[in-house]
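J.: Okay, handing you the structure first.
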Amino acid sequence: MISRRFLPLWITASLLVLMFAFGATQFEGFASVRVVTNLFRDNAFLLITALGMTLVIISGGIDLSVGSVIALSGVIAGLLITQYGWHPLAAFALLVPLGTLFGAGMGVMIHVYKLQPFIVTLAGMFLARGLATTLSEESIAIDHPFYDAVADFGIALPDNGWLDASALLFIFIFILIAVMMHFSRFGTNVYALGGNAQSAKLMGINVGRSTIAIYAMSSALATIAGIVFSFYTFSGYALGGIGVELDAIAAVVIGGTLLTGGSGYVLGTVLGVFLMGVIQTYITFDGTLSSWWTKIVIGLLLFFFIILQKVLNGRTASHG
Amino acid sequence: MSKSAEVLQQPSVAVPEKTEEMIDKKTSRYQAGSEKAWLRYLWPVAALVLLLVVNLFIDSSFFHLTFQDDRFYGSLIDILNRAAPVALLAIGMSLVIATGGIDLSVGAVMAIAGAACANLLLVPDLSVFTVVIIGLLVGILAGCVNGGLVAYLGIQPIVATLLLMVAGRGIAQLINQGQIVTFQSPGFAAIGTGQWLGLPMPIWIVIAMLIATQLLLRKTALGLFIEAVGCNAKASRYMGINDKSIKLFVYAVAGLCAALAGMISAADIQGSDANNAGLWLELDAILAVVIGGAALTGGRFSLILSIVGALIIQTLATTIIVSGLPAKFNLLIKAVVILLVLLLQSELFRNQLKALFSFFKNVSSSEKGSAK
């Protein structure tokens, strides 16, 4: 018997398996380890961003700035490495705290000044994108031995599979966040906040500190995603990562997290990204289907999951 | 919640005076039609005037208008003309936000309406009038989809409109078959580039839409109903207001406005570009409404102020160009202005500012005292 709590998760997982199986029957080579590891490789930055978005949405907020933060961190990394001759690791050591501060700043505006997350992170989106374009309008090609070394790093799997560094990094972060969300005080606080901020406060949860930490984490993860994206494209570009916030939000919803907050699973988000990735792969394999179908299918999927959540919630509400 | 911050920020100033002032301010906000109502208009209008004056200092011919070929030319006309799409979106967005909702899909709806019109214009024997009507209907239909999801299925507005925001551009591309569809239709192009009584057509469209909506809101009880739904949907339902149809209506109007804006931008380039038409304009429209002082939680709005907000956004962009700053600063300056506007709307921030000012006043007066 499947618990109702896990039903959206199971549906996403089954859809993912179904889509994959359907692709496998249609195309030779679809069901290969290579395709699966490519899903990791191509979506690593989105996966990392979406993990942060899951935290924010479970807490009842939203973060529209992540796409711009990805672009900003790529541009700063590119500038520090190519123009100022920094070692990439030194650049990253500066970038991640900076990104964390950026998110913490948004968290302060949301908590202390009682502004809506939607509009604050919208301003953050403009600010990060604006800073990125001001720093460099052109794409900065990153050419550094460290980048080449990281690109060559990875674990070879049978059947031409290749788990590269970004995929490994994602798996590491995923385990970290999953443990944090389900086995730590902080994780419980995030769920409590999204359930009902008022009761969370009465329960003695430090709402301010949690809110600020959540947005700081989301930005930190987006910064890391920006670094991963710079490894993926070997460049930093102010117009990179446009629309990633939408993809991340879509993945979170498809993964069964309630956009009203309080309930959801980081694993669901990961399945959501993979489901969108498999659709994209299917369309690429097909060749005759155009890319706009991806958007339409994802829209339909979103619709399906929103209605599903509505139905499930309505039932639990009337029974409880 | 803000206790610790208050304690930090206002250590020595007289506390009772402050709280009285705050209570006074809070009550005055809820007194509809109070004497202080005009204050709402002060800040956005002052910001717009300030921006215009800055422009005058940068470029002395800023307010200069010339009349050529039956049309006025000049920076002011240019700003009005360019602000038209966002101003149209802002009208619809104001109504949606007034009910406590938000419409993220207007940019995508612009693309859909533009694509529909562009392809219909390629059909022979179809009058421009028919094309425009169908375009508007497409917008209303899209709005009804949003409104239906929000009102009748009870889905959060951000989520419900996210659907069309994601899928909408795909639909527009599907209509265009992935191409940029261009057309030759002087009649349709007039919507974007035409003129009447010396003013460009988009300006007239905004004025017409503004007057029509304002009349509808203020000469009927509709405006009141919208505000009631935004303040408390449940309470308004008990009062006998059909909150669901009110919500459906505002999203339909937002869709209609988006379709008009989409037609203007398609007519402007005589083509439909599904990828770029109306890209990110939903965000500008939301900003325009917020700059106009509307509460994102609903209940309080002003169409005029939202249009002022749209004009502020466009004037800011023009200022940056006129001042010779590279266009790349556009987004950055916009972000800083938005952050300031947001902070100024926060009661706590204003009080902190006041405390800061009085602190400096005290310091300077005590210095004067010691000098004597």
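Following the order of the structure tokens, first chain is A, next is B, and so on, with residues numbered from 1 inside each chain and ligands from 1 in the order they appear.
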When you look at Val128 of chain B with a cut-off of 10 Å (counting only C-alpha atoms), what residues show up, excluding the ones that are within fewer than 2 positions of it in the same chain? I need them as a CSV table (one decimal) with C-alpha atoms, in the first residue's frame.
T.:
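Written file, around24.csv:
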```csv
chain,number,residue,atom,x,y,z
B,117,CYS,CA,-2.2,37.6,-36.0
B,120,LEU,CA,-3.9,35.1,-40.1
B,121,LEU,CA,-2.6,38.1,-42.1
B,125,ASP,CA,-9.4,37.6,-48.1
B,126,LEU,CA,-9.3,38.1,-44.4
B,130,THR,CA,-11.2,40.3,-38.4
B,131,VAL,CA,-7.6,39.5,-37.6
B,132,VAL,CA,-7.6,42.1,-34.8
B,133,ILE,CA,-10.8,40.7,-33.3
B,134,ILE,CA,-9.4,37.1,-33.5
B,185,SER,CA,-0.2,44.6,-44.1
B,186,PRO,CA,-0.2,48.4,-44.0
B,187,GLY,CA,-3.5,48.2,-42.2
B,188,PHE,CA,-2.2,46.0,-39.4
B,189,ALA,CA,1.1,47.8,-39.2
```
J.: Give one line per residue of chain A that approaches chain B to at most 7 Å, naming the two atoms of the closest pair and their distance in Å to one decimal, counting only C-alpha atoms; sort by chain then ascending residue number and deliver it as JSON lines.
T.:
```
{"residue": "A:Val112", "atom": "CA", "partner": "B:Ser2", "partner_atom": "CA", "distance": 6.4}
{"residue": "A:Tyr113", "atom": "CA", "partner": "B:Ser346", "partner_atom": "CA", "distance": 5.8}
{"residue": "A:Ala123", "atom": "CA", "partner": "B:Ala335", "partner_atom": "CA", "distance": 5.5}
{"residue": "A:Phe126", "atom": "CA", "partner": "B:Ala335", "partner_atom": "CA", "distance": 5.2}
{"residue": "A:Leu127", "atom": "CA", "partner": "B:Ala335", "partner_atom": "CA", "distance": 4.9}
{"residue": "A:Gly130", "atom": "CA", "partner": "B:Leu332", "partner_atom": "CA", "distance": 4.0}
{"residue": "A:Leu131", "atom": "CA", "partner": "B:Leu332", "partner_atom": "CA", "distance": 6.0}
{"residue": "A:Thr133", "atom": "CA", "partner": "B:Lys328", "partner_atom": "CA", "distance": 5.8}
{"residue": "A:Thr134", "atom": "CA", "partner": "B:Lys328", "partner_atom": "CA", "distance": 5.5}
{"residue": "A:Trp292", "atom": "CA", "partner": "B:Gly170", "partner_atom": "CA", "distance": 4.5}
{"residue": "A:Trp293", "atom": "CA", "partner": "B:Gly170", "partner_atom": "CA", "distance": 6.5}
{"residue": "A:Lys295", "atom": "CA", "partner": "B:Ala167", "partner_atom": "CA", "distance": 5.1}
{"residue": "A:Ile296", "atom": "CA", "partner": "B:Ala167", "partner_atom": "CA", "distance": 4.6}
{"residue": "A:Gly299", "atom": "CA", "partner": "B:Ala167", "partner_atom": "CA", "distance": 4.8}
{"residue": "A:Leu302", "atom": "CA", "partner": "B:Leu163", "partner_atom": "CA", "distance": 6.6}
{"residue": "A:Phe303", "atom": "CA", "partner": "B:Leu163", "partner_atom": "CA", "distance": 6.7}
```
J.: One decimal, in Å: what's the spacing between atom CA of Phe102 of chain A and atom CA of Gly195 of chain A?
T.: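 Between atom CA of Phe102 of chain A and atom CA of Gly195 of chain A the gap is 25.7 Å.
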J.: What is the distance, in Å and to one decimal place, between atom CA of Leu258 of chain A and atom CA of Ala13 of chain A?
T.: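 Going from atom CA of Leu258 of chain A over to atom CA of Ala13 of chain A covers 16.8 Å.
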J.: Excluding Ser94 of chain B and residues on its chain fewer than 4 positions from it, collect all residues at most 8 Å away from it, counting only C-alpha atoms, and give them as a list of chain:residue names.
T.: B:Ala90, B:Ala98, B:Val289, B:Ala294, B:Phe301, B:Ser302, B:Leu303, B:Ser306
J.: If you count only C-alpha atoms, which residues fall within 9 Å of Val273 of chain A, apart from same-chain ones fewer than 2 positions away, as a list in words?
T.: Asn43, Leu46, Leu47, Ala50, Asp247, Ala248, Ala250, Ala251, Val252, Ile254, Gly255, Gly268, Thr269, Val270, Leu271, Leu275, Met276, Gly277 and Val278 of chain A
